[in-house]
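Have a look at final_22.txt; it's compact mmCIF, C-alpha atoms:
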```txt
# COMPACT_ATOMS: atom_id res chain seq x y z
CA MET M 1 24.14 75.02 7.09
CA PRO M 2 25.33 75.92 3.54
CA LYS M 3 28.45 73.77 4.08
CA LEU M 4 26.27 70.75 4.95
CA THR M 5 24.21 71.20 1.79
CA ILE M 6 27.26 71.52 -0.43
CA ASP M 7 28.95 68.58 1.27
CA PHE M 8 25.79 66.49 0.96
CA GLU M 9 25.37 67.45 -2.70
CA ALA M 10 29.00 66.60 -3.42
CA LYS M 11 28.73 63.25 -1.67
CA PHE M 12 25.42 62.52 -3.38
CA ALA M 13 26.93 63.34 -6.78
CA SER M 14 29.84 61.04 -5.97
CA VAL M 15 27.42 58.24 -5.04
CA LEU M 16 25.49 58.75 -8.29
CA ASP M 17 28.71 58.60 -10.29
CA GLY M 18 29.65 55.36 -8.56
CA LEU M 19 26.21 53.88 -9.19
CA ASP M 20 26.38 54.85 -12.86
CA GLN M 21 29.74 53.12 -13.09
CA ILE M 22 28.26 50.00 -11.44
CA LYS M 23 25.36 50.12 -13.88
CA ARG M 24 27.65 50.37 -16.91
CA GLU M 25 29.84 47.57 -15.61
CA SER M 26 26.79 45.38 -14.86
CA GLN M 27 25.40 45.99 -18.34
CA ARG M 28 28.76 45.18 -19.93
CA THR M 29 29.05 42.00 -17.87
CA ALA M 30 25.47 41.02 -18.71
CA LYS M 31 26.18 41.45 -22.44
CA GLN M 32 29.33 39.36 -22.14
CA MET M 33 27.49 36.63 -20.28
CA GLU M 34 24.62 36.68 -22.75
CA SER M 35 27.10 36.39 -25.60
CA ALA M 36 28.81 33.50 -23.86
CA PHE M 37 25.47 31.78 -23.27
CA SER M 38 24.51 32.27 -26.91
CA GLY M 39 27.74 30.62 -28.05
CA LEU M 40 27.24 27.70 -25.74
CA LYS M 41 23.55 27.31 -26.53
CA GLY M 42 24.04 24.66 -29.21
CA ILE M 43 26.47 22.62 -27.16
CA ILE M 44 24.48 22.82 -23.95
CA ALA M 45 21.15 22.26 -25.68
CA GLY M 46 22.33 18.89 -26.90
CA ALA M 47 23.60 17.90 -23.47
CA VAL M 48 20.89 19.19 -21.16
CA GLY M 49 17.97 19.94 -23.44
CA VAL M 50 16.26 23.09 -24.59
CA GLY M 51 14.05 23.27 -21.48
CA ALA M 52 17.03 23.45 -19.16
CA MET M 53 18.60 26.11 -21.37
CA ASN M 54 15.46 28.23 -21.11
CA GLU M 55 15.51 27.83 -17.31
CA ILE M 56 19.13 28.98 -17.21
CA ARG M 57 18.31 32.01 -19.38
CA GLU M 58 15.27 32.85 -17.22
CA SER M 59 17.32 32.52 -14.04
CA PHE M 60 20.01 34.77 -15.47
CA SER M 61 17.39 37.36 -16.50
CA LYS M 62 15.89 37.36 -12.99
CA THR M 63 19.35 37.84 -11.51
CA VAL M 64 20.00 40.85 -13.74
CA GLU M 65 16.57 42.29 -12.83
CA THR M 66 17.32 41.84 -9.13
CA LEU M 67 20.67 43.59 -9.48
CA ALA M 68 18.97 46.47 -11.29
CA SER M 69 16.36 46.72 -8.52
CA PHE M 70 19.15 46.85 -5.92
CA LYS M 71 20.74 49.75 -7.77
CA GLU M 72 17.44 51.61 -7.96
CA GLY M 73 16.66 50.78 -4.33
CA ALA M 74 20.05 52.01 -3.16
CA GLU M 75 19.59 55.29 -5.05
CA LYS M 76 16.20 55.89 -3.44
CA ALA M 77 17.43 54.82 0.01
CA GLY M 78 20.48 57.07 -0.03
CA THR M 79 22.93 54.23 0.48
CA SER M 80 25.40 52.22 -1.55
CA VAL M 81 24.37 49.20 -3.61
CA GLU M 82 26.61 47.09 -1.38
CA ASN M 83 24.94 48.29 1.84
CA PHE M 84 21.45 48.00 0.38
CA SER M 85 22.02 44.49 -0.95
CA ALA M 86 23.61 43.43 2.37
CA LEU M 87 20.55 44.74 4.22
CA PHE M 88 18.25 42.91 1.80
CA TYR M 89 20.32 39.73 2.20
CA ASP M 90 20.05 39.94 5.98
CA LEU M 91 16.28 40.16 5.55
CA ARG M 92 16.03 37.20 3.13
CA ASP M 93 14.03 35.16 5.65
CA SER M 94 11.45 37.95 5.90
CA ALA M 95 10.55 37.61 2.20
CA ILE M 96 10.33 41.39 2.03
CA PRO M 97 10.01 42.69 -1.54
CA VAL M 98 12.80 44.99 -2.71
CA GLU M 99 10.20 47.72 -3.30
CA THR M 100 9.02 47.57 0.32
CA LEU M 101 12.56 47.86 1.67
CA THR M 102 13.25 50.70 -0.77
CA GLY M 103 10.16 52.59 0.38
CA ALA M 104 10.99 52.08 4.05
CA ALA M 105 14.57 53.27 3.62
CA ALA M 106 13.47 56.27 1.55
CA LYS M 107 10.95 57.24 4.24
CA LEU M 108 13.66 56.82 6.86
CA ILE M 109 15.84 59.31 4.95
CA LYS M 110 12.99 61.85 5.02
CA THR M 111 12.52 61.24 8.74
CA MET M 112 16.25 61.72 9.35
CA GLN M 113 16.12 65.02 7.45
CA GLU M 114 13.09 66.08 9.48
CA ALA M 115 14.92 65.14 12.68
CA GLU M 116 17.49 67.84 11.93
CA LYS M 117 14.83 70.18 13.36
CA PRO M 118 15.40 69.63 17.10
CA THR M 119 11.74 70.17 18.07
CA SER M 120 10.31 67.77 15.48
CA ASP M 121 8.57 64.49 16.31
CA ALA M 122 11.28 62.73 14.33
CA ALA M 123 14.06 64.25 16.45
CA ASP M 124 12.15 63.27 19.58
CA ALA M 125 11.77 59.69 18.32
CA PHE M 126 15.51 59.34 17.62
CA ARG M 127 16.33 60.85 21.03
CA LYS M 128 13.95 58.50 22.85
CA MET M 129 15.42 55.49 21.09
CA GLY M 130 19.01 56.61 21.55
CA VAL M 131 19.69 56.14 17.84
CA ALA M 132 22.06 58.59 16.15
CA PHE M 133 20.95 59.73 12.72
CA LYS M 134 24.03 61.94 12.23
CA ASP M 135 27.69 60.99 12.27
CA SER M 136 30.37 62.71 14.34
CA ASN M 137 30.79 65.34 11.61
CA GLY M 138 27.11 66.27 11.70
CA ASN M 139 26.25 64.54 8.42
CA LEU M 140 23.33 62.16 8.02
CA ARG M 141 24.41 58.56 8.54
CA ASP M 142 23.95 55.85 5.95
CA SER M 143 20.27 54.85 6.03
CA SER M 144 21.07 51.13 6.10
CA ASP M 145 23.15 51.61 9.27
CA VAL M 146 20.39 53.65 10.92
CA PHE M 147 17.84 51.02 9.83
CA ARG M 148 19.90 48.33 11.59
CA ASP M 149 20.27 50.44 14.75
CA ILE M 150 16.52 51.00 14.85
CA ALA M 151 15.91 47.27 14.45
CA ASP M 152 18.24 46.54 17.37
CA LYS M 153 16.40 49.05 19.58
CA PHE M 154 12.95 47.77 18.62
CA ALA M 155 14.03 44.26 19.60
CA THR M 156 14.31 45.48 23.20
CA TYR M 157 10.85 47.10 23.25
CA GLU M 158 7.67 45.45 24.42
CA ASP M 159 5.05 44.95 21.71
CA GLY M 160 2.16 47.37 21.89
CA ALA M 161 0.71 50.67 20.79
CA ASN M 162 3.79 52.72 21.77
CA LYS M 163 6.04 50.54 19.62
CA VAL M 164 3.66 50.83 16.65
CA ALA M 165 3.40 54.61 17.07
CA LEU M 166 7.18 54.95 17.15
CA ALA M 167 7.52 52.78 14.03
CA GLN M 168 4.98 54.98 12.25
CA THR M 169 6.85 58.13 13.28
CA LEU M 170 10.04 56.74 11.75
CA PHE M 171 8.65 54.91 8.69
CA GLY M 172 5.26 56.50 8.03
CA LYS M 173 2.01 54.59 7.60
CA SER M 174 3.82 51.37 6.77
CA GLY M 175 5.79 51.48 10.03
CA ALA M 176 3.55 48.93 11.74
CA ASP M 177 3.94 46.55 8.79
CA LEU M 178 7.72 46.78 9.14
CA LEU M 179 7.82 45.60 12.76
CA PRO M 180 8.16 41.89 11.83
CA VAL M 181 10.91 42.83 9.36
CA LEU M 182 12.75 44.86 11.97
CA LYS M 183 12.43 41.93 14.37
CA ASP M 184 14.01 39.62 11.79
CA LEU M 185 16.86 42.07 11.25
CA ALA M 186 17.71 42.42 14.96
```
With the file now loaded, output its structure as structure tokens.
Amino acid sequence: MPKLTIDFEAKFASVLDGLDQIKRESQRTAKQMESAFSGLKGIIAGAVGVGAMNEIRESFSKTVETLASFKEGAEKAGTSVENFSALFYDLRDSAIPVETLTGAAAKLIKTMQEAEKPTSDAADAFRKMGVAFKDSNGNLRDSSDVFRDIADKFATYEDGANKVALAQTLFGKSGADLLPVLKDLA
């Protein structure tokens, strides 16, 4: 067990370093783009009007905010920014807020940790579903991969109280609310 903790801490530290690097690079790129937009403001304003320029700036700001929320969401979900954003992209038709997906993935991580106790409800839920929460080396799998596997399994289940109860075991109180999202992901 100590090896797993050290390995997990080392991998988690590596993920945090990578995310910090992404953050710094995103901030640098955002500053460069803002500088470029500022230089072009006069030229573009004459061609497309001040209103259009404000829309472009607002759109750019929203994009930067979304990227920042992906970084934060990935950190909380225990996955990479790439995997988290890919999961979010696959759920674009669900109109799920980033915060909701972040919360669900974070709860899933807790459930996976709880499932390491073989007699827990969480372990029983993963066993019943046939979803692996650990990789072949005994480490917890990426939460976005487990999330997708759960969605695929739920797609084969009949709607009803048992399905809701299982979703709540895996995702907490909001599990029932996630069923349409999981259906869209499958």
Please report the interatomic distance between atom CA of M:Asp124 and atom CA of M:Asp177 in Å with one decimal. 21.5 Å
Out of M:Thr79, M:Ser143, M:Thr169, M:Thr100, which residue has the shortest atom-to-atom distance to M:Ser120 when counting all atoms listed in the file? M:Thr169
What's around M:Asp145 at 10 Å? Count only C-alpha atoms, leave out sequence neighbours fewer than 3 positions away in its own chain, and write the answer as an mmCIF file with C-alpha atoms, in the frame of the given file.
```cif
data_model
loop_
_atom_site.group_PDB
_atom_site.id
_atom_site.type_symbol
_atom_site.label_atom_id
_atom_site.label_comp_id
_atom_site.auth_asym_id
_atom_site.auth_seq_id
_atom_site.Cartn_x
_atom_site.Cartn_y
_atom_site.Cartn_z
ATOM 1 C CA THR M 79 22.930 54.230 0.480
ATOM 2 C CA ASN M 83 24.940 48.290 1.840
ATOM 3 C CA PHE M 84 21.450 48.000 0.380
ATOM 4 C CA LEU M 87 20.550 44.740 4.220
ATOM 5 C CA ALA M 132 22.060 58.590 16.150
ATOM 6 C CA PHE M 133 20.950 59.730 12.720
ATOM 7 C CA ARG M 141 24.410 58.560 8.540
ATOM 8 C CA ASP M 142 23.950 55.850 5.950
ATOM 9 C CA ARG M 148 19.900 48.330 11.590
ATOM 10 C CA ASP M 149 20.270 50.440 14.750
ATOM 11 C CA ILE M 150 16.520 51.000 14.850
ATOM 12 C CA ALA M 151 15.910 47.270 14.450
#
```
Gap from atom CA of M:Val81 to atom CA of M:Glu114 - Å, one decimal: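 Computing the Euclidean distance for atom CA of M:Val81 and atom CA of M:Glu114 yields 24.2 Å.
Counting from atom CA of M:Ile96, the distance to atom CA of M:Leu178 is 9.3 Å.
For the set M:Ala122, M:Met129, M:Ala186, M:Leu179, the residue with the smallest atom-to-atom gap to M:Ile109 is M:Ala122, counting only C-alpha atoms.
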Scan for residues within 12 Å of the point (7.0, 40.1, 12.1) in the coordinates of the file, using all atoms listed in the file, and reply as a list in words.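 Residues satisfying the cut-off, written out: Leu91, Asp93, Ser94, Ala95, Ile96, Ala151, Phe154, Ala155, Asp159, Gly175, Ala176, Asp177, Leu178, Leu179, Pro180, Val181, Leu182, Lys183, Asp184, Leu185 and Ala186 of chain M.
You can rank M:Met112, M:Val146, M:Leu166, M:Ala106 by their closest distance to M:Lys128 using only C-alpha atoms, and at the top of that list sits M:Leu166.
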Would you save stretch 128-157 of chain M to a file, keeping N, CA, C and O atoms, as a tab-separated table (two decimals), in the first residue's frame?
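So result.tsv came out as:
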```tsv
chain	number	residue	atom	x	y	z
M	128	LYS	N	-20.61	-5.33	-10.04
M	128	LYS	CA	-21.89	-5.64	-10.69
M	128	LYS	C	-21.92	-5.11	-12.12
M	128	LYS	O	-22.47	-5.74	-13.00
M	129	MET	N	-21.33	-3.96	-12.32
M	129	MET	CA	-21.33	-3.36	-13.66
M	129	MET	C	-20.28	-3.97	-14.58
M	129	MET	O	-20.37	-3.85	-15.79
M	130	GLY	N	-19.26	-4.57	-13.97
M	130	GLY	CA	-18.16	-5.09	-14.78
M	130	GLY	C	-17.25	-3.99	-15.29
M	130	GLY	O	-16.66	-4.12	-16.35
M	131	VAL	N	-17.17	-2.90	-14.53
M	131	VAL	CA	-16.32	-1.77	-14.90
M	131	VAL	C	-15.08	-1.78	-14.02
M	131	VAL	O	-15.19	-1.79	-12.78
M	132	ALA	N	-13.92	-1.77	-14.64
M	132	ALA	CA	-12.66	-1.74	-13.90
M	132	ALA	C	-12.34	-0.31	-13.50
M	132	ALA	O	-12.39	0.60	-14.32
M	133	PHE	N	-12.04	-0.11	-12.23
M	133	PHE	CA	-11.64	1.22	-11.77
M	133	PHE	C	-10.13	1.28	-11.54
M	133	PHE	O	-9.59	2.35	-11.27
M	134	LYS	N	-9.46	0.14	-11.67
M	134	LYS	CA	-8.00	0.08	-11.55
M	134	LYS	C	-7.43	-0.45	-12.86
M	134	LYS	O	-8.07	-1.22	-13.57
M	135	ASP	N	-6.19	-0.05	-13.14
M	135	ASP	CA	-5.52	-0.57	-14.33
M	135	ASP	C	-4.82	-1.88	-13.99
M	135	ASP	O	-4.90	-2.37	-12.86
M	136	SER	N	-4.11	-2.44	-14.94
M	136	SER	CA	-3.45	-3.73	-14.74
M	136	SER	C	-2.34	-3.68	-13.69
M	136	SER	O	-1.93	-4.71	-13.17
M	137	ASN	N	-1.87	-2.48	-13.37
M	137	ASN	CA	-0.84	-2.32	-12.34
M	137	ASN	C	-1.43	-2.05	-10.96
M	137	ASN	O	-0.69	-1.82	-10.01
M	138	GLY	N	-2.75	-2.03	-10.87
M	138	GLY	CA	-3.40	-1.79	-9.58
M	138	GLY	C	-3.59	-0.32	-9.25
M	138	GLY	O	-3.99	0.02	-8.14
M	139	ASN	N	-3.32	0.56	-10.21
M	139	ASN	CA	-3.52	2.00	-9.99
M	139	ASN	C	-4.92	2.40	-10.44
M	139	ASN	O	-5.49	1.78	-11.34
M	140	LEU	N	-5.45	3.46	-9.84
M	140	LEU	CA	-6.75	3.96	-10.27
M	140	LEU	C	-6.65	4.42	-11.72
M	140	LEU	O	-5.68	5.06	-12.11
M	141	ARG	N	-7.66	4.08	-12.50
M	141	ARG	CA	-7.71	4.50	-13.91
M	141	ARG	C	-8.08	5.97	-14.00
M	141	ARG	O	-8.62	6.55	-13.08
M	142	ASP	N	-7.84	6.53	-15.17
M	142	ASP	CA	-8.22	7.91	-15.44
M	142	ASP	C	-9.74	8.02	-15.30
M	142	ASP	O	-10.49	7.21	-15.86
M	143	SER	N	-10.21	9.02	-14.55
M	143	SER	CA	-11.64	9.15	-14.28
M	143	SER	C	-12.46	9.34	-15.54
M	143	SER	O	-13.60	8.87	-15.62
M	144	SER	N	-11.91	10.00	-16.55
M	144	SER	CA	-12.69	10.20	-17.78
M	144	SER	C	-12.91	8.88	-18.50
M	144	SER	O	-13.97	8.65	-19.09
M	145	ASP	N	-11.94	7.96	-18.44
M	145	ASP	CA	-12.10	6.64	-19.05
M	145	ASP	C	-13.14	5.81	-18.30
M	145	ASP	O	-13.97	5.14	-18.91
M	146	VAL	N	-13.09	5.88	-16.97
M	146	VAL	CA	-14.06	5.14	-16.15
M	146	VAL	C	-15.46	5.72	-16.38
M	146	VAL	O	-16.45	4.98	-16.50
M	147	PHE	N	-15.55	7.05	-16.48
M	147	PHE	CA	-16.83	7.72	-16.74
M	147	PHE	C	-17.44	7.20	-18.04
M	147	PHE	O	-18.63	6.87	-18.09
M	148	ARG	N	-16.62	7.07	-19.07
M	148	ARG	CA	-17.10	6.57	-20.37
M	148	ARG	C	-17.54	5.10	-20.27
M	148	ARG	O	-18.57	4.71	-20.83
M	149	ASP	N	-16.77	4.30	-19.53
M	149	ASP	CA	-17.14	2.88	-19.37
M	149	ASP	C	-18.48	2.76	-18.64
M	149	ASP	O	-19.31	1.92	-19.00
M	150	ILE	N	-18.67	3.58	-17.63
M	150	ILE	CA	-19.93	3.56	-16.88
M	150	ILE	C	-21.08	3.96	-17.81
M	150	ILE	O	-22.14	3.34	-17.79
M	151	ALA	N	-20.88	4.97	-18.62
M	151	ALA	CA	-21.92	5.41	-19.56
M	151	ALA	C	-22.30	4.27	-20.51
M	151	ALA	O	-23.49	4.04	-20.77
M	152	ASP	N	-21.29	3.56	-21.00
M	152	ASP	CA	-21.56	2.44	-21.92
M	152	ASP	C	-22.39	1.35	-21.22
M	152	ASP	O	-23.30	0.77	-21.83
M	153	LYS	N	-22.07	1.06	-19.97
M	153	LYS	CA	-22.81	0.03	-19.23
M	153	LYS	C	-24.24	0.49	-18.95
M	153	LYS	O	-25.20	-0.27	-19.11
M	154	PHE	N	-24.41	1.75	-18.53
M	154	PHE	CA	-25.75	2.25	-18.23
M	154	PHE	C	-26.64	2.22	-19.47
M	154	PHE	O	-27.85	2.04	-19.36
M	155	ALA	N	-26.06	2.37	-20.64
M	155	ALA	CA	-26.84	2.34	-21.87
M	155	ALA	C	-27.52	0.99	-22.08
M	155	ALA	O	-28.54	0.90	-22.77
M	156	THR	N	-26.97	-0.06	-21.47
M	156	THR	CA	-27.54	-1.40	-21.63
M	156	THR	C	-28.56	-1.73	-20.55
M	156	THR	O	-29.21	-2.77	-20.63
M	157	TYR	N	-28.70	-0.86	-19.54
M	157	TYR	CA	-29.61	-1.13	-18.43
M	157	TYR	C	-30.99	-0.56	-18.69
M	157	TYR	O	-31.14	0.49	-19.32
```
